[in-house]
Structure formats: C-alpha cells, structure tokens
Amino acid sequence: MRLTALILFVAVFSAGAQNLPVKWEELVASDWEKALEESAYTCILPMGVLEKHGPQAPLGSDLIHAREWASRAAGIEYAVVFPEFIYGQVYEAMHQPGTFTIPSGLMWELLQATVDEIARNGFKRILILNGHGGNNNFIRYFIQAQMEKRRDFAVFLHTPSTDRDLSEKIAQLRKSDPSYDSHAGERETSTLLYLRPDLVLQERSDDESGKNQERLDLPDLYTGIWWYASYPNHYAGEGSAGSRELGKLITDHYVESVVKNLRVIKNDEKTLQLQDEFYDRVERGFR
C-alpha cells in the first residue's frame, strides 16, 4: 500500500514538474492561460512550402527547418509554436513533382485568417519563422499590409543580420563554390544532414546540375521567370559537399538568433503602443 502511494506521489509530482509543451497542438486547454502568460503572449508561426530540393533532399525541407528552429528556440525561451504553415509562394517550382501551390489570393487569405485566429486566442506577438526564400517578398508585404486597419497584435518576421564570425567559420568548412549555393546546395543539405539525416539521399546529389545556367541577361530588370532561367532543375549548389558539421554550426547559430529575438519581442511593449498611437491619429484625421 505504501509502495503504491509512493509511486502515485512520484508520478503526480513528476507530471506537475514538467514544462509546458511548446507546440500548440500538444497543450491542454486548462493550461492555455498559463501558456499565454509564460510566453508573454508570443506565438511562433513556422512557414515553408512543399517543393523539390534537388535530387537528394525531402520536399518538406523548408518546413523541417522552420519547425526545428521554432521548437528548439521555444524550448530555450518559451513561446507557443503553431503548426507549420505550408501555403507559401512557390510558383517557380510548378514544373517539378511534389510542388504544392494554391491561388495567390487564397494564400493571402489563409495567412491572414491564421494570424487573426492566433490573435483571437490571446496572442499579441506573432513571430514568423520562414524557411523558404521564395516567401520573403510575400511575407514582408503581408506584414506591411497589417497596417491597413487597427489590430491589437503585431506580426514580426525573423530577419537575422549577417554574422562575420559565423561567415568565417562557414568558409573554413565549405567545400563548394558559395556563389550559387542557394537551394538544396551545400548549406541546406548540411543542415538537413544535421536535423534529419534519415531523409537525405546524398549519393543522388550529383544526378542533376545545380549550376547557374545564365539563360537570361536583363541588367537592372526583374521578371518572374528569372529563377527558372538560372536554375531549371530547381537546384542551386552542390548537395554532395554537405556535411553534418557545417549543418550543426549553421543551425545552432540560427536557433541562437531566434532565441535572442524571442526575448526582444517578449519584452517589447513599444510596438503595440506605437500601433495604437498610429491608428488613433488615422481615425481622428488630420486635425
């Protein structure tokens, strides 16, 4: 009887001592207020797409990156992590198998509905962690457009600055030409070898060319077909040069930068104050 009581006590004590889950879907409703308070009303929205990543890396590479960055950072500096958002801009990869796209208007509506619903559940600060380069312009415009009307929450995009020390360490480990290492090349393959080596078929990396084909020469002009003109295989770099050592270096530094920004956001009161001040001025006109 005493042994049973002791086991029960230990089980209850251990359960109570456990930290709150960082993942939205793993929280229980009765812990919701506690999660809001411990996160300082901060939610991370990991964002990526489904697209080809060379002949060797998984279609969900961007989602894997964003999910891991968010979960690891939130495990250090608590925040709630929303399930990853897959509806990004990736029209340039429509000619490759496995690419998932939706109409641009629907993409916008889904992202807006998502941040609105996150906010309805009590969050005041929403940090987007983007794993896909093709989303950058879309997300920045989306965040700027949040100023269209009064909102009681703010959306942030994690945009880490270049770190000279990190760049030097990366250069020492590099084996490939960095000038065209931008998609499924050495860096991205390396981070996947660190995060999900079971999904990387590195021996297939050289089955296709990841070099810039330079098929379009339009100085000082921008057009949507630019990426396909340069990289018709939707592969930029040399995945065969990737290494777990390089992947760990890049990932650990990136997670540190997310943690740093989480702490800044959680202690930031000025952004929401300035938003309210701005909306007050808009609503009263030019008087």
# chains A, B, ... in the order shown; residues from 1 in each chain; ligands from 1
call {"tool": "residues_around", "arguments": {"residues": "Glu51 (chain A)", "least_positions_apart": "4", "cutoff": "12 Å", "atoms": "only C-alpha atoms", "output": "JSON, numbers by chain"}}
result
{"A": [55, 57, 58, 59, 60, 61, 62, 63, 86, 87, 88, 89, 90, 91, 92, 93, 94, 95, 96, 97, 98, 99, 100, 101, 131, 132, 133, 134, 183, 184, 233, 234, 235]}
call {"tool": "select_by_dssp", "arguments": {"residues": "region 28-259 of chain A", "states": "strand (DSSP E)", "output": "ChimeraX atom specification"}}
result
/A:42-47,80-81,125-130,154-157
call {"tool": "write_last_selection", "arguments": {"atoms": "C-alpha atoms", "output": "PDB file, in the first residue's frame"}}
result
ATOM      1  CA  THR A  42       4.033  35.293 -28.016  1.00  0.00           C
ATOM      2  CA  CYS A  43       3.405  32.710 -30.728  1.00  0.00           C
ATOM      3  CA  ILE A  44       5.811  31.450 -33.394  1.00  0.00           C
ATOM      4  CA  LEU A  45       4.434  30.659 -36.849  1.00  0.00           C
ATOM      5  CA  PRO A  46       6.841  28.407 -38.797  1.00  0.00           C
ATOM      6  CA  MET A  47       6.397  28.848 -42.534  1.00  0.00           C
ATOM      7  CA  VAL A  80       3.926  28.646 -28.251  1.00  0.00           C
ATOM      8  CA  VAL A  81       4.668  27.152 -31.656  1.00  0.00           C
ATOM      9  CA  ARG A 125       3.022  38.985 -30.666  1.00  0.00           C
ATOM     10  CA  ILE A 126       3.329  36.647 -33.656  1.00  0.00           C
ATOM     11  CA  LEU A 127       6.792  35.803 -34.963  1.00  0.00           C
ATOM     12  CA  ILE A 128       7.027  34.284 -38.434  1.00  0.00           C
ATOM     13  CA  LEU A 129       9.986  31.957 -38.982  1.00  0.00           C
ATOM     14  CA  ASN A 130      10.307  31.480 -42.717  1.00  0.00           C
ATOM     15  CA  ALA A 154       1.777  42.719 -34.095  1.00  0.00           C
ATOM     16  CA  VAL A 155       3.374  40.395 -36.642  1.00  0.00           C
ATOM     17  CA  PHE A 156       7.159  40.137 -36.834  1.00  0.00           C
ATOM     18  CA  LEU A 157       9.486  38.420 -39.315  1.00  0.00           C
TER      19      LEU A 157
END
call {"tool": "residues_around", "arguments": {"residues": "region 258-273 of chain A", "least_positions_apart": "6", "cutoff": "8 Å", "atoms": "only C-alpha atoms", "output": "short mmCIF file (atom, residue, chain, number, x, y, z; two decimals) with N, CA and C atoms, in the first residue's frame"}}
result
data_model
loop_
_atom_site.label_atom_id
_atom_site.label_comp_id
_atom_site.auth_asym_id
_atom_site.auth_seq_id
_atom_site.Cartn_x
_atom_site.Cartn_y
_atom_site.Cartn_z
N SER A 39 4.59 32.70 -22.17
CA SER A 39 5.12 33.10 -23.47
C SER A 39 5.10 34.61 -23.66
N ALA A 40 4.57 35.34 -22.66
CA ALA A 40 4.35 36.79 -22.80
C ALA A 40 3.49 37.06 -24.03
N TYR A 41 2.50 36.17 -24.23
CA TYR A 41 1.52 36.30 -25.32
C TYR A 41 2.22 36.28 -26.69
N THR A 42 3.23 35.39 -26.80
CA THR A 42 4.03 35.29 -28.02
C THR A 42 3.87 33.93 -28.67
N TRP A 69 13.72 25.05 -36.02
CA TRP A 69 14.16 26.33 -35.46
C TRP A 69 13.19 26.78 -34.36
N ALA A 70 11.90 26.72 -34.69
CA ALA A 70 10.89 27.19 -33.75
C ALA A 70 10.87 26.36 -32.47
N ALA A 73 14.14 26.82 -30.36
CA ALA A 73 14.22 28.14 -29.74
C ALA A 73 13.20 28.27 -28.62
N ALA A 74 11.97 27.80 -28.86
CA ALA A 74 10.92 27.89 -27.84
C ALA A 74 11.23 27.02 -26.63
N ILE A 76 14.08 26.89 -25.34
CA ILE A 76 15.03 27.68 -24.55
C ILE A 76 14.36 28.93 -23.98
N GLU A 77 13.65 29.64 -24.84
CA GLU A 77 12.90 30.84 -24.44
C GLU A 77 11.44 30.57 -24.77
N ALA A 79 7.84 30.00 -25.88
CA ALA A 79 6.80 30.58 -26.73
C ALA A 79 5.97 29.41 -27.24
N ARG A 125 1.79 38.92 -29.89
CA ARG A 125 3.02 38.99 -30.67
C ARG A 125 3.16 37.70 -31.47
N ASP A 152 -4.99 44.51 -32.65
CA ASP A 152 -4.48 44.51 -31.29
C ASP A 152 -3.32 43.53 -31.13
N PHE A 153 -2.66 43.21 -32.24
CA PHE A 153 -1.50 42.34 -32.21
C PHE A 153 -0.50 42.82 -33.26
N ALA A 154 0.73 42.35 -33.13
CA ALA A 154 1.78 42.72 -34.10
C ALA A 154 2.40 41.46 -34.67
N HIS A 158 11.38 37.16 -38.53
CA HIS A 158 12.76 36.98 -38.08
C HIS A 158 13.71 37.22 -39.25
#
call {"tool": "residues_around", "arguments": {"residues": "Tyr279 (chain A)", "least_positions_apart": "3", "cutoff": "12 Å", "atoms": "only C-alpha atoms", "output": "compact mmCIF listing (two decimals) with N, CA and C atoms, in the first residue's frame"}}
result
# COMPACT_ATOMS: atom_id res chain seq x y z
N GLN A 146 -0.57 44.74 -42.68
CA GLN A 146 -1.29 44.65 -41.42
C GLN A 146 -1.65 46.04 -40.90
N MET A 147 -0.97 47.06 -41.42
CA MET A 147 -1.26 48.44 -41.03
C MET A 147 -2.54 48.97 -41.68
N GLU A 148 -3.15 48.17 -42.53
CA GLU A 148 -4.36 48.59 -43.24
C GLU A 148 -5.49 48.98 -42.29
N LYS A 149 -5.58 48.29 -41.17
CA LYS A 149 -6.63 48.61 -40.20
C LYS A 149 -6.12 48.32 -38.79
N ARG A 150 -6.81 48.83 -37.79
CA ARG A 150 -6.40 48.65 -36.40
C ARG A 150 -6.41 47.18 -36.02
N ARG A 151 -5.32 46.77 -35.40
CA ARG A 151 -5.21 45.40 -34.90
C ARG A 151 -4.62 45.46 -33.49
N ASP A 152 -4.99 44.51 -32.65
CA ASP A 152 -4.48 44.51 -31.29
C ASP A 152 -3.32 43.53 -31.13
N LEU A 272 3.32 47.74 -29.92
CA LEU A 272 1.86 47.82 -29.80
C LEU A 272 1.41 49.21 -29.39
N GLN A 273 2.19 49.90 -28.56
CA GLN A 273 1.86 51.27 -28.18
C GLN A 273 1.89 52.19 -29.39
N LEU A 274 2.91 52.03 -30.21
CA LEU A 274 3.03 52.87 -31.41
C LEU A 274 1.94 52.55 -32.43
N GLN A 275 1.56 51.28 -32.52
CA GLN A 275 0.46 50.92 -33.41
C GLN A 275 -0.82 51.64 -32.99
N ASP A 276 -1.12 51.60 -31.69
CA ASP A 276 -2.32 52.27 -31.19
C ASP A 276 -2.25 53.77 -31.45
N VAL A 282 -4.87 58.14 -37.32
CA VAL A 282 -5.58 57.85 -38.58
C VAL A 282 -7.07 58.10 -38.39
N GLU A 283 -7.61 57.63 -37.27
CA GLU A 283 -9.07 57.72 -37.05
C GLU A 283 -9.54 59.14 -36.77
N ARG A 284 -8.71 59.98 -36.19
CA ARG A 284 -9.16 61.34 -35.94
C ARG A 284 -8.85 62.29 -37.11
N GLY A 285 -8.21 61.76 -38.13
CA GLY A 285 -7.95 62.57 -39.32
C GLY A 285 -6.76 63.51 -39.12
call {"tool": "residues_around", "arguments": {"residues": "region 225-230 of chain A", "least_positions_apart": "6", "cutoff": "6 Å", "atoms": "only C-alpha atoms", "output": "list in words"}}
result
Asn212, Gln213, Glu214, Arg215 and Leu216 of chain A
call {"tool": "select_by_dssp", "arguments": {"residues": "region 39-274 of chain A", "states": "alpha helix (DSSP H)", "output": "number ranges by chain"}}
result
A: 61-76, 104-120, 136-145, 164-173, 186-195, 226-230, 244-266, 270-274
